[in-house]
file model17.cif (mmCIF, C-alpha atoms)
data_run
#
loop_
_atom_site.group_PDB
_atom_site.id
_atom_site.type_symbol
_atom_site.label_atom_id
_atom_site.label_comp_id
_atom_site.auth_asym_id
_atom_site.auth_seq_id
_atom_site.Cartn_x
_atom_site.Cartn_y
_atom_site.Cartn_z
ATOM 1 C CA MET A 30 100.223 112.613 59.233
ATOM 2 C CA ASN A 31 101.018 110.084 56.516
ATOM 3 C CA THR A 32 101.245 106.286 56.698
ATOM 4 C CA GLU A 33 104.914 106.036 57.685
ATOM 5 C CA GLU A 34 104.649 108.701 60.387
ATOM 6 C CA THR A 35 101.594 106.959 61.826
ATOM 7 C CA ILE A 36 103.383 103.600 62.002
ATOM 8 C CA LEU A 37 106.446 105.178 63.640
ATOM 9 C CA ALA A 38 104.356 106.983 66.254
ATOM 10 C CA LEU A 39 102.206 103.949 67.071
ATOM 11 C CA ASN A 40 105.143 101.541 67.311
ATOM 12 C CA LYS A 41 107.000 103.996 69.524
ATOM 13 C CA HIS A 42 104.176 104.412 72.046
ATOM 14 C CA PHE A 43 102.438 101.034 71.677
ATOM 15 C CA PRO A 44 105.015 98.487 70.450
ATOM 16 C CA ALA A 45 102.678 95.594 71.274
ATOM 17 C CA LEU A 46 100.300 96.735 68.546
ATOM 18 C CA GLU A 47 102.863 95.960 65.795
ATOM 19 C CA ALA A 48 101.441 98.546 63.395
ATOM 20 C CA VAL A 49 102.129 97.713 59.751
ATOM 21 C CA SER A 50 101.058 98.898 56.335
ATOM 22 C CA ASN A 51 100.716 96.472 53.446
ATOM 23 C CA ARG A 52 98.783 98.810 51.169
ATOM 24 C CA PRO A 53 99.013 102.531 50.409
ATOM 25 C CA LEU A 54 97.056 104.689 52.864
ATOM 26 C CA ARG A 55 96.295 101.730 55.150
ATOM 27 C CA VAL A 56 97.652 101.008 58.632
ATOM 28 C CA PHE A 57 96.735 97.819 60.471
ATOM 29 C CA THR A 58 97.397 96.888 64.074
ATOM 30 C CA ALA A 59 97.282 93.649 66.042
ATOM 31 C CA PHE A 60 94.439 92.877 68.437
ATOM 32 C CA ALA A 61 94.664 94.704 71.748
ATOM 33 C CA GLU A 62 93.025 94.238 75.130
ATOM 34 C CA PRO A 63 90.078 96.592 75.750
ATOM 35 C CA LYS A 64 91.932 98.907 78.149
ATOM 36 C CA ALA A 65 94.990 99.272 75.907
ATOM 37 C CA PHE A 66 92.703 99.661 72.928
ATOM 38 C CA GLU A 67 90.858 102.631 74.413
ATOM 39 C CA GLU A 68 94.166 104.288 75.233
ATOM 40 C CA THR A 69 95.351 103.784 71.664
ATOM 41 C CA LEU A 70 92.136 105.132 70.177
ATOM 42 C CA ARG A 71 92.327 108.202 72.384
ATOM 43 C CA TYR A 72 95.972 108.743 71.387
ATOM 44 C CA ALA A 73 95.139 108.344 67.681
ATOM 45 C CA ASN A 74 92.358 110.901 67.966
ATOM 46 C CA LEU A 75 93.934 113.541 70.189
ATOM 47 C CA THR A 76 97.589 113.290 69.172
ATOM 48 C CA LEU A 77 97.777 111.777 65.700
ATOM 49 C CA GLY A 78 94.802 113.645 64.281
ATOM 50 C CA TYR A 79 92.651 110.647 63.363
ATOM 51 C CA HIS A 80 89.390 112.395 64.108
ATOM 52 C CA LYS A 81 87.070 110.744 61.592
ATOM 53 C CA GLY A 82 85.229 107.613 62.717
ATOM 54 C CA LYS A 83 84.528 105.513 59.651
ATOM 55 C CA HIS A 84 83.327 102.063 60.589
ATOM 56 C CA ILE A 85 83.352 99.195 63.049
ATOM 57 C CA ILE A 86 83.653 95.612 61.832
ATOM 58 C CA GLY A 87 82.694 92.757 64.125
ATOM 59 C CA THR A 88 84.001 89.206 63.723
ATOM 60 C CA ASP A 89 83.078 86.037 65.578
ATOM 61 C CA GLU A 90 86.304 84.236 66.479
ATOM 62 C CA GLY A 91 84.939 81.379 68.536
ATOM 63 C CA GLU A 92 85.767 82.196 72.137
ATOM 64 C CA ASN A 93 86.136 85.910 71.418
ATOM 65 C CA ILE A 94 84.524 88.666 69.429
ATOM 66 C CA GLY A 95 86.897 90.790 67.393
ATOM 67 C CA LEU A 96 86.112 94.454 66.826
ATOM 68 C CA SER A 97 87.969 96.479 64.203
ATOM 69 C CA TYR A 98 87.563 100.238 64.461
ATOM 70 C CA ILE A 99 88.398 102.043 61.237
ATOM 71 C CA ILE A 100 89.302 105.691 61.686
ATOM 72 C CA SER A 101 90.795 108.238 59.338
ATOM 73 C CA ASN A 102 92.581 111.582 59.218
ATOM 74 C CA ASP A 103 92.530 114.536 56.837
ATOM 75 C CA GLU A 104 95.089 112.825 54.593
ATOM 76 C CA ASP A 105 92.726 109.895 54.030
ATOM 77 C CA VAL A 106 94.921 107.362 55.794
ATOM 78 C CA LEU A 107 92.731 104.578 57.176
ATOM 79 C CA LEU A 108 93.884 103.272 60.544
ATOM 80 C CA VAL A 109 92.437 99.932 61.638
ATOM 81 C CA LEU A 110 92.607 99.452 65.410
ATOM 82 C CA ARG A 111 91.457 96.100 66.745
ATOM 83 C CA GLU A 112 90.338 94.816 70.079
ATOM 84 C CA ARG A 113 89.160 91.439 71.275
ATOM 85 C CA VAL A 114 86.523 90.805 73.938
ATOM 86 C CA PRO A 115 85.451 87.444 75.387
ATOM 87 C CA LYS A 116 82.187 86.159 73.985
ATOM 88 C CA SER A 117 81.059 84.997 77.418
ATOM 89 C CA ALA A 118 81.008 88.591 78.710
ATOM 90 C CA PRO A 119 81.549 91.021 75.832
ATOM 91 C CA HIS A 120 81.783 94.549 77.116
ATOM 92 C CA VAL A 121 83.311 97.751 75.748
ATOM 93 C CA HIS A 122 82.993 101.450 76.474
ATOM 94 C CA SER A 123 81.298 103.713 73.960
ATOM 95 C CA MET A 124 83.646 105.818 71.854
ATOM 96 C CA GLY A 125 80.836 108.204 70.927
ATOM 97 C CA GLU A 126 82.501 111.035 72.811
ATOM 98 C CA LEU A 127 85.521 110.906 70.483
ATOM 99 C CA TYR A 128 83.713 109.638 67.383
ATOM 100 C CA PRO A 129 79.967 110.459 67.328
ATOM 101 C CA SER A 130 79.642 108.787 63.922
ATOM 102 C CA LEU A 131 80.633 105.426 65.403
ATOM 103 C CA MET A 132 77.671 105.330 67.767
ATOM 104 C CA LEU A 133 75.479 103.931 65.009
ATOM 105 C CA HIS A 134 77.943 101.098 64.502
ATOM 106 C CA GLU A 135 78.097 100.525 68.239
ATOM 107 C CA ARG A 136 74.343 99.963 68.143
ATOM 108 C CA GLU A 137 74.938 97.345 65.460
ATOM 109 C CA MET A 138 77.463 95.656 67.747
ATOM 110 C CA VAL A 139 74.815 95.511 70.466
ATOM 111 C CA ASP A 140 72.099 94.050 68.235
ATOM 112 C CA LEU A 141 74.075 91.751 65.967
ATOM 113 C CA PHE A 142 76.870 90.495 68.240
ATOM 114 C CA GLY A 143 75.480 91.054 71.714
ATOM 115 C CA VAL A 144 78.345 93.290 72.819
ATOM 116 C CA GLN A 145 77.395 95.448 75.806
ATOM 117 C CA VAL A 146 78.416 99.049 75.160
ATOM 118 C CA SER A 147 78.406 101.191 78.286
ATOM 119 C CA GLY A 148 77.892 104.903 77.788
ATOM 120 C CA LEU A 149 75.694 104.462 74.724
ATOM 121 C CA PRO A 150 72.512 106.573 74.980
ATOM 122 C CA GLU A 151 69.285 104.631 75.175
ATOM 123 C CA GLY A 152 67.290 104.407 71.988
ATOM 124 C CA PRO A 153 65.225 102.159 69.763
ATOM 125 C CA ARG A 154 66.546 98.820 68.586
ATOM 126 C CA TYR A 155 68.848 99.130 65.563
ATOM 127 C CA PRO A 156 69.190 97.582 63.009
ATOM 128 C CA LEU A 157 67.070 94.558 63.911
ATOM 129 C CA PRO A 158 63.263 94.865 63.793
ATOM 130 C CA ASP A 159 61.346 95.949 66.886
ATOM 131 C CA CYS A 160 59.799 92.490 67.294
ATOM 132 C CA TRP A 161 63.193 90.750 67.488
ATOM 133 C CA PRO A 162 63.524 88.506 70.587
ATOM 134 C CA ASP A 163 65.990 89.537 73.282
ATOM 135 C CA GLY A 164 69.176 87.533 73.640
ATOM 136 C CA GLU A 165 69.385 86.411 70.010
ATOM 137 C CA TYR A 166 72.396 87.682 68.078
ATOM 138 C CA PRO A 167 72.246 86.679 64.393
ATOM 139 C CA MET A 168 75.869 87.477 63.520
ATOM 140 C CA ARG A 169 77.264 84.968 65.989
ATOM 141 C CA LYS A 170 78.339 81.767 64.314
ATOM 142 C CA GLU A 171 76.406 79.475 66.644
ATOM 143 C CA TRP A 172 73.175 81.242 65.677
ATOM 144 C CA ASN A 173 71.542 79.219 62.896
ATOM 145 C CA PRO A 174 68.916 81.021 60.765
ATOM 146 C CA ALA A 175 67.343 77.640 59.942
ATOM 147 C CA TYR A 176 66.029 77.470 63.533
ATOM 148 C CA PHE A 177 64.491 80.931 63.436
ATOM 149 C CA ASN A 178 60.720 80.888 62.995
ATOM 150 C CA LYS A 179 59.844 84.062 61.104
ATOM 151 C CA GLN A 180 56.107 83.676 61.644
ATOM 152 C CA THR A 181 56.298 83.616 65.425
ATOM 153 C CA VAL A 182 59.657 85.505 65.547
ATOM 154 C CA THR A 183 61.157 82.955 67.920
ATOM 155 C CA TYR A 184 64.423 81.035 67.850
ATOM 156 C CA GLU A 185 63.779 77.317 68.281
ATOM 157 C CA PRO A 186 66.956 75.228 68.183
ATOM 158 C CA PRO A 187 66.519 71.450 68.519
ATOM 159 C CA LYS A 188 67.013 70.032 71.988
ATOM 160 C CA GLN A 189 70.056 67.895 72.744
ATOM 161 C CA GLU A 190 68.007 64.653 72.616
ATOM 162 C CA ASP A 191 66.530 65.614 69.222
ATOM 163 C CA ALA A 192 69.964 66.320 67.800
ATOM 164 C CA LYS A 193 71.119 62.811 68.747
ATOM 165 C CA MET B 21 26.973 96.253 37.530
ATOM 166 C CA GLY B 22 25.179 99.556 38.033
ATOM 167 C CA LEU B 23 25.952 102.802 36.268
ATOM 168 C CA PHE B 24 27.974 104.119 39.210
ATOM 169 C CA ASP B 25 30.100 100.947 39.373
ATOM 170 C CA LYS B 26 30.656 101.132 35.652
ATOM 171 C CA ALA B 27 31.858 104.712 35.977
ATOM 172 C CA ILE B 28 34.317 103.723 38.738
ATOM 173 C CA ALA B 29 35.570 100.774 36.704
ATOM 174 C CA TRP B 30 36.010 103.003 33.668
ATOM 175 C CA GLY B 31 38.013 105.477 35.763
ATOM 176 C CA GLU B 32 40.222 102.791 37.275
ATOM 177 C CA LYS B 33 40.968 101.269 33.932
ATOM 178 C CA ASN B 34 41.820 104.533 32.261
ATOM 179 C CA SER B 35 43.460 106.308 35.153
ATOM 180 C CA PRO B 36 44.744 103.879 37.804
ATOM 181 C CA TRP B 37 46.262 105.612 40.791
ATOM 182 C CA ILE B 38 49.237 103.967 42.390
ATOM 183 C CA ILE B 39 50.924 103.988 45.749
ATOM 184 C CA HIS B 40 54.589 103.174 46.038
ATOM 185 C CA PHE B 41 55.800 101.150 49.018
ATOM 186 C CA ASN B 42 59.389 100.210 49.813
ATOM 187 C CA ALA B 43 59.268 96.942 51.769
ATOM 188 C CA GLY B 44 63.027 96.775 52.276
ATOM 189 C CA ALA B 45 64.648 97.660 48.977
ATOM 190 C CA CYS B 46 68.126 99.073 48.430
ATOM 191 C CA ASN B 47 66.432 102.086 46.726
ATOM 192 C CA GLY B 48 67.639 101.024 43.271
ATOM 193 C CA CYS B 49 64.164 99.996 42.130
ATOM 194 C CA ASP B 50 62.620 103.004 43.887
ATOM 195 C CA ILE B 51 64.698 105.313 41.736
ATOM 196 C CA GLU B 52 63.512 103.468 38.631
ATOM 197 C CA VAL B 53 59.870 103.757 39.738
ATOM 198 C CA VAL B 54 60.311 107.491 40.163
ATOM 199 C CA ASP B 55 62.083 107.605 36.798
ATOM 200 C CA ALA B 56 59.096 105.897 35.161
ATOM 201 C CA LEU B 57 56.705 108.429 36.696
ATOM 202 C CA THR B 58 58.667 111.595 36.003
ATOM 203 C CA PRO B 59 58.954 113.441 32.657
ATOM 204 C CA GLN B 60 61.567 111.292 30.898
ATOM 205 C CA TYR B 61 59.223 108.272 30.676
ATOM 206 C CA ASP B 62 56.130 110.044 32.005
ATOM 207 C CA LEU B 63 53.675 107.357 33.050
ATOM 208 C CA GLU B 64 51.403 110.208 34.088
ATOM 209 C CA ARG B 65 50.586 110.872 30.435
ATOM 210 C CA LEU B 66 48.715 107.549 30.597
ATOM 211 C CA GLY B 67 46.681 108.787 33.550
ATOM 212 C CA ILE B 68 48.726 106.910 36.140
ATOM 213 C CA LEU B 69 49.162 109.155 39.150
ATOM 214 C CA GLN B 70 51.024 108.508 42.362
ATOM 215 C CA GLN B 71 49.025 108.958 45.560
ATOM 216 C CA GLY B 72 50.120 109.334 49.150
ATOM 217 C CA SER B 73 47.209 107.472 50.720
ATOM 218 C CA PRO B 74 46.383 103.806 50.126
ATOM 219 C CA LYS B 75 42.700 104.690 50.383
ATOM 220 C CA HIS B 76 42.982 106.656 47.136
ATOM 221 C CA ALA B 77 45.107 104.120 45.277
ATOM 222 C CA ASP B 78 44.158 101.210 43.001
ATOM 223 C CA VAL B 79 47.599 99.718 42.468
ATOM 224 C CA LEU B 80 50.212 98.950 45.114
ATOM 225 C CA VAL B 81 53.698 99.178 43.624
ATOM 226 C CA CYS B 82 56.088 97.332 45.933
ATOM 227 C CA THR B 83 59.868 97.236 45.822
ATOM 228 C CA GLY B 84 62.297 95.161 47.865
ATOM 229 C CA ALA B 85 62.135 91.992 49.893
ATOM 230 C CA VAL B 86 59.714 92.031 52.819
ATOM 231 C CA THR B 87 61.447 92.363 56.175
ATOM 232 C CA LEU B 88 60.053 91.500 59.596
ATOM 233 C CA GLN B 89 59.832 95.239 60.289
ATOM 234 C CA THR B 90 57.713 96.037 57.217
ATOM 235 C CA ARG B 91 55.635 92.838 57.035
ATOM 236 C CA ASP B 92 52.727 94.096 59.133
ATOM 237 C CA ARG B 93 52.884 97.580 57.601
ATOM 238 C CA LEU B 94 52.611 96.140 54.093
ATOM 239 C CA LYS B 95 49.597 94.080 55.112
ATOM 240 C CA GLN B 96 47.958 97.133 56.715
ATOM 241 C CA ILE B 97 48.453 99.256 53.607
ATOM 242 C CA TYR B 98 47.063 96.499 51.399
ATOM 243 C CA ASP B 99 44.021 96.116 53.652
ATOM 244 C CA GLN B 100 43.349 99.862 53.514
ATOM 245 C CA MET B 101 43.079 99.874 49.724
ATOM 246 C CA SER B 102 39.593 99.590 48.260
ATOM 247 C CA THR B 103 38.681 96.730 45.947
ATOM 248 C CA PRO B 104 39.398 95.957 43.215
ATOM 249 C CA LYS B 105 43.069 96.391 44.037
ATOM 250 C CA PHE B 106 46.208 95.294 42.307
ATOM 251 C CA VAL B 107 49.780 94.657 43.406
ATOM 252 C CA ILE B 108 52.915 94.938 41.298
ATOM 253 C CA ALA B 109 56.177 93.464 42.620
ATOM 254 C CA VAL B 110 58.985 95.575 41.186
ATOM 255 C CA GLY B 111 62.439 94.029 41.106
ATOM 256 C CA THR B 112 63.987 90.653 41.772
ATOM 257 C CA CYS B 113 63.887 91.144 45.549
ATOM 258 C CA ALA B 114 60.166 91.937 45.471
ATOM 259 C CA CYS B 115 59.500 88.899 43.260
ATOM 260 C CA THR B 116 61.432 86.255 45.203
ATOM 261 C CA GLY B 117 63.436 87.875 47.987
ATOM 262 C CA GLY B 118 66.478 87.997 45.695
ATOM 263 C CA ILE B 119 69.857 87.876 47.361
ATOM 264 C CA PHE B 120 68.194 88.683 50.692
ATOM 265 C CA ASP B 121 66.010 85.584 50.656
ATOM 266 C CA SER B 122 66.540 83.336 53.712
ATOM 267 C CA CYS B 123 68.261 86.201 55.531
ATOM 268 C CA TYR B 124 67.386 86.181 59.232
ATOM 269 C CA CYS B 125 65.049 89.180 59.060
ATOM 270 C CA VAL B 126 63.580 88.725 55.556
ATOM 271 C CA THR B 127 60.372 86.808 54.954
ATOM 272 C CA GLY B 128 60.808 86.661 51.169
ATOM 273 C CA GLY B 129 59.068 88.253 48.220
ATOM 274 C CA ILE B 130 55.932 90.413 48.317
ATOM 275 C CA ASP B 131 53.725 87.382 47.609
ATOM 276 C CA THR B 132 54.606 85.935 51.020
ATOM 277 C CA VAL B 133 52.419 88.671 52.547
ATOM 278 C CA VAL B 134 49.921 89.888 49.933
ATOM 279 C CA PRO B 135 48.748 88.427 46.593
ATOM 280 C CA VAL B 136 50.671 89.809 43.632
ATOM 281 C CA ASP B 137 49.176 90.449 40.182
ATOM 282 C CA ALA B 138 52.320 91.343 38.232
ATOM 283 C CA TYR B 139 55.964 90.480 38.740
ATOM 284 C CA ILE B 140 58.709 92.607 37.185
ATOM 285 C CA PRO B 141 62.104 90.922 37.626
ATOM 286 C CA GLY B 142 65.331 92.888 37.284
ATOM 287 C CA CYS B 143 68.057 94.395 39.397
ATOM 288 C CA ALA B 144 67.335 97.186 39.116
ATOM 289 C CA VAL B 145 64.205 97.140 36.983
ATOM 290 C CA ARG B 146 64.312 99.280 33.869
ATOM 291 C CA PRO B 147 61.568 101.924 33.536
ATOM 292 C CA GLU B 148 60.559 100.387 30.191
ATOM 293 C CA ALA B 149 59.822 97.119 32.008
ATOM 294 C CA ILE B 150 57.649 98.951 34.546
ATOM 295 C CA ILE B 151 55.670 100.641 31.764
ATOM 296 C CA ASP B 152 55.284 97.315 29.969
ATOM 297 C CA ALA B 153 54.035 95.637 33.144
ATOM 298 C CA VAL B 154 51.559 98.441 33.827
ATOM 299 C CA GLY B 155 50.249 98.107 30.277
ATOM 300 C CA LYS B 156 49.755 94.374 30.707
ATOM 301 C CA LEU B 157 48.133 94.906 34.081
ATOM 302 C CA LEU B 158 45.647 97.370 32.585
ATOM 303 C CA ALA B 159 44.693 94.696 30.075
ATOM 304 C CA THR B 160 43.712 92.362 32.926
ATOM 305 C CA PHE B 161 41.594 94.939 34.762
ATOM 306 C CA ASP B 162 38.312 93.676 33.332
ATOM 307 C CA GLN B 163 38.928 90.136 34.575
ATOM 308 C CA LYS B 164 39.913 91.265 38.066
ATOM 309 C CA GLU B 165 36.951 93.633 38.313
ATOM 310 C CA ALA B 166 34.664 90.747 37.476
ATOM 311 C CA LYS B 167 36.269 88.669 40.244
ATOM 312 C CA GLY B 168 36.131 91.563 42.727
ATOM 313 C CA LYS B 169 32.362 91.975 42.393
#

call {"tool": "encode", "arguments": {"input": "model17.cif", "output": "structure tokens"}}
result
Amino acid sequence: MNTEETILALNKHFPALEAVSNRPLRVFTAFAEPKAFEETLRYANLTLGYHKGKHIIGTDEGENIGLSYIISNDEDVLLVLRERVPKSAPHVHSMGELYPSLMLHEREMVDLFGVQVSGLPEGPRYPLPDCWPDGEYPMRKEWNPAYFNKQTVTYEPPKQEDAK
Amino acid sequence: MGLFDKAIAWGEKNSPWIIHFNAGACNGCDIEVVDALTPQYDLERLGILQQGSPKHADVLVCTGAVTLQTRDRLKQIYDQMSTPKFVIAVGTCACTGGIFDSCYCVTGGIDTVVPVDAYIPGCAVRPEAIIDAVGKLLATFDQKEAKGK
């Protein structure tokens, strides 16, 4: 399935996604809610033939965390599907059943952005070191590396009174 | 220095054994270290052999910036080596932390954890630079041996 056919199929079944292509072999979609996103990803895999999981990109957007799943087909078209989860309670379902290769990137989402991924098998911490403190997510914008004490491996932000 | 110590010192100077440790490198410098050891540049012709155990090695060849994950391991390996021991920091990251310095899980260059005797900057280091650094390090062996005793 080439770029144009992918855009036609996606816009027919999921018009809210507004699939577009501004470069050869690339298809981008708008941000979707988690439930609609999973449905789209399943459709892209099972119906459109996008069976290769390439990458997941996380972005801190203030109130939300944006997740861009990049998947591909045998014709090397890269389809970028996006979803947005609230930073206060970020939660997604694992897509490891459809894309086993994305499970590694889902682990990165857990460690670096603090996104809870249900359905992900338990395992060692990745990619942060074993000694990393719980509840600290270095890819979030409010996390300041200047307050991280590497000797004691603790995050010590100044208190409100000190900041004033 | 007794006769036995003199024999050990003579062996170390003429055939230093090295151990290679990747503290968090991108593998670029590791490839160059292997290139320096293998037949094209052939450091082994100078008696420099790579060992798998730190207990058998005289020189610790380190690549990459030190991460929180490898910090304690690097210290353990250094402690296991017998004196006199030497450390070579191979590559810009090993010298100063490079582009990874001040990253949340990087402590900096090798000298933030163990004392370094020779720094080889470069990204990636050329094998000629490694050979040059080893040659200069061998020239300082006598001084370090005197300090180690």

call {"tool": "closest_atom_pairs", "arguments": {"input": "model17.cif", "of": "segment 105-147 of chain A", "to": "segment 164-173 of chain A", "cutoff": "9 Å", "atoms": "all atoms listed in the file", "output": "Markdown table"}}
result
| residue | atom | partner | partner_atom | distance |
| --- | --- | --- | --- | --- |
| A:Val139 | CA | A:Tyr166 | CA | 8.5 |
| A:Asp140 | CA | A:Tyr166 | CA | 6.4 |
| A:Leu141 | CA | A:Tyr166 | CA | 4.9 |
| A:Phe142 | CA | A:Tyr166 | CA | 5.3 |
| A:Gly143 | CA | A:Tyr166 | CA | 5.8 |

call {"tool": "interface_residues", "arguments": {"input": "model17.cif", "of": "chain B", "to": "chain A", "cutoff": "7 Å", "atoms": "all atoms listed in the file", "output": "number ranges by chain"}}
result
B: 88-89, 124, 127

call {"tool": "write_last_selection", "arguments": {"input": "model17.cif", "atoms": "C-alpha atoms", "output": "compact mmCIF listing (two decimals), keeping the file's coordinate frame"}}
result
# COMPACT_ATOMS: atom_id res chain seq x y z
CA LEU B 88 60.05 91.50 59.60
CA GLN B 89 59.83 95.24 60.29
CA TYR B 124 67.39 86.18 59.23
CA THR B 127 60.37 86.81 54.95

call {"tool": "resolve_selection", "arguments": {"input": "model17.cif", "expression": "the PyMOL selection byres ((chain B and resi 42-56) around 8)", "output": "PyMOL selection string"}}
result
chain B and resi 40-41+57-63+82-87+90-91+94+110-111+113+143-148+150-151

call {"tool": "closest_atom_pairs", "arguments": {"input": "model17.cif", "of": "segment 85-127 of chain A", "to": "segment 149-152 of chain A", "cutoff": "10 Å", "atoms": "only C-alpha atoms", "output": "Markdown table"}}
result
| residue | atom | partner | partner_atom | distance |
| --- | --- | --- | --- | --- |
| A:His122 | CA | A:Leu149 | CA | 8.1 |
| A:Ser123 | CA | A:Leu149 | CA | 5.7 |
| A:Met124 | CA | A:Leu149 | CA | 8.6 |
| A:Gly125 | CA | A:Leu149 | CA | 7.4 |
| A:Glu126 | CA | A:Leu149 | CA | 9.7 |

call {"tool": "atom_distance", "arguments": {"input": "model17.cif", "atom1": "atom CA of Val121 of chain A", "atom2": "atom CA of Gly148 of chain A"}}
result
9.2 Å

call {"tool": "axis_aligned_box", "arguments": {"input": "model17.cif", "around": "segment 172-178 of chain A", "padding_each_side": "5 Å", "output": "JSON"}}
result
{"center_x": 66.9, "center_y": 79.4, "center_z": 62.8, "size_x": 22.5, "size_y": 13.8, "size_z": 15.7}

call {"tool": "atom_distance", "arguments": {"input": "model17.cif", "atom1": "atom CA of Pro44 of chain A", "atom2": "atom CA of Asn102 of chain A"}}
result
21.3 Å

call {"tool": "atom_distance", "arguments": {"input": "model17.cif", "atom1": "atom CA of Val106 of chain A", "atom2": "atom CA of Met30 of chain A"}}
result
8.2 Å

call {"tool": "closest_residue", "arguments": {"input": "model17.cif", "among": "A:Glu33, A:Leu70, A:His84, A:Glu92", "to": "Pro53 of chain A", "atoms": "all atoms listed in the file"}}
result
A:Glu33

call {"tool": "residues_near_point", "arguments": {"input": "model17.cif", "point": "(92.1, 94.3, 70.8)", "cutoff": "8 Å", "atoms": "all atoms listed in the file", "output": "list in words"}}
result
Ala59, Phe60, Ala61, Glu62, Pro63, Ala65, Phe66, Gly95, Leu96, Leu110, Arg111, Glu112, Arg113 and Val114 of chain A

call {"tool": "resolve_selection", "arguments": {"input": "model17.cif", "expression": "the PyMOL selection byres ((chain B and resi 108) around 6)", "output": "PDB file with C-alpha atoms, keeping the file's coordinate frame"}}
result
ATOM      1  CA  VAL B  81      53.698  99.178  43.624  1.00  0.00           C
ATOM      2  CA  VAL B 107      49.780  94.657  43.406  1.00  0.00           C
ATOM      3  CA  ALA B 109      56.177  93.464  42.620  1.00  0.00           C
ATOM      4  CA  ASP B 137      49.176  90.449  40.182  1.00  0.00           C
ATOM      5  CA  ALA B 138      52.320  91.343  38.232  1.00  0.00           C
ATOM      6  CA  TYR B 139      55.964  90.480  38.740  1.00  0.00           C
TER       7      TYR B 139
END

call {"tool": "resolve_selection", "arguments": {"input": "model17.cif", "expression": "the PyMOL selection byres ((chain B and resi 35) around 8)", "output": "PyMOL selection string"}}
result
chain B and resi 31-34+36-37+66-69

call {"tool": "closest_residue", "arguments": {"input": "model17.cif", "among": "A:His80, A:Leu127, A:Asn31, A:Ile86", "to": "Glu67 of chain A", "atoms": "all atoms listed in the file"}}
result
A:Leu127

call {"tool": "residues_near_point", "arguments": {"input": "model17.cif", "point": "(67.4, 87.5, 44.9)", "cutoff": "10 Å", "atoms": "all atoms listed in the file", "output": "VMD selection string"}}
result
chain B and resid 84 to 85 111 to 122 128 to 129 141 to 143

call {"tool": "write_last_selection", "arguments": {"input": "model17.cif", "atoms": "C-alpha atoms", "output": "compact mmCIF listing (two decimals), in the coordinates of the input"}}
result
# COMPACT_ATOMS: atom_id res chain seq x y z
CA GLY B 84 62.30 95.16 47.86
CA ALA B 85 62.14 91.99 49.89
CA GLY B 111 62.44 94.03 41.11
CA THR B 112 63.99 90.65 41.77
CA CYS B 113 63.89 91.14 45.55
CA ALA B 114 60.17 91.94 45.47
CA CYS B 115 59.50 88.90 43.26
CA THR B 116 61.43 86.26 45.20
CA GLY B 117 63.44 87.88 47.99
CA GLY B 118 66.48 88.00 45.70
CA ILE B 119 69.86 87.88 47.36
CA PHE B 120 68.19 88.68 50.69
CA ASP B 121 66.01 85.58 50.66
CA SER B 122 66.54 83.34 53.71
CA GLY B 128 60.81 86.66 51.17
CA GLY B 129 59.07 88.25 48.22
CA PRO B 141 62.10 90.92 37.63
CA GLY B 142 65.33 92.89 37.28
CA CYS B 143 68.06 94.40 39.40

call {"tool": "residues_around", "arguments": {"input": "model17.cif", "residues": "segment 129-136 of chain A", "least_positions_apart": "6", "cutoff": "8 Å", "atoms": "all atoms listed in the file", "output": "NGL selection string"}}
result
:A and (82-85 or 123 or 146 or 149 or 154-156)
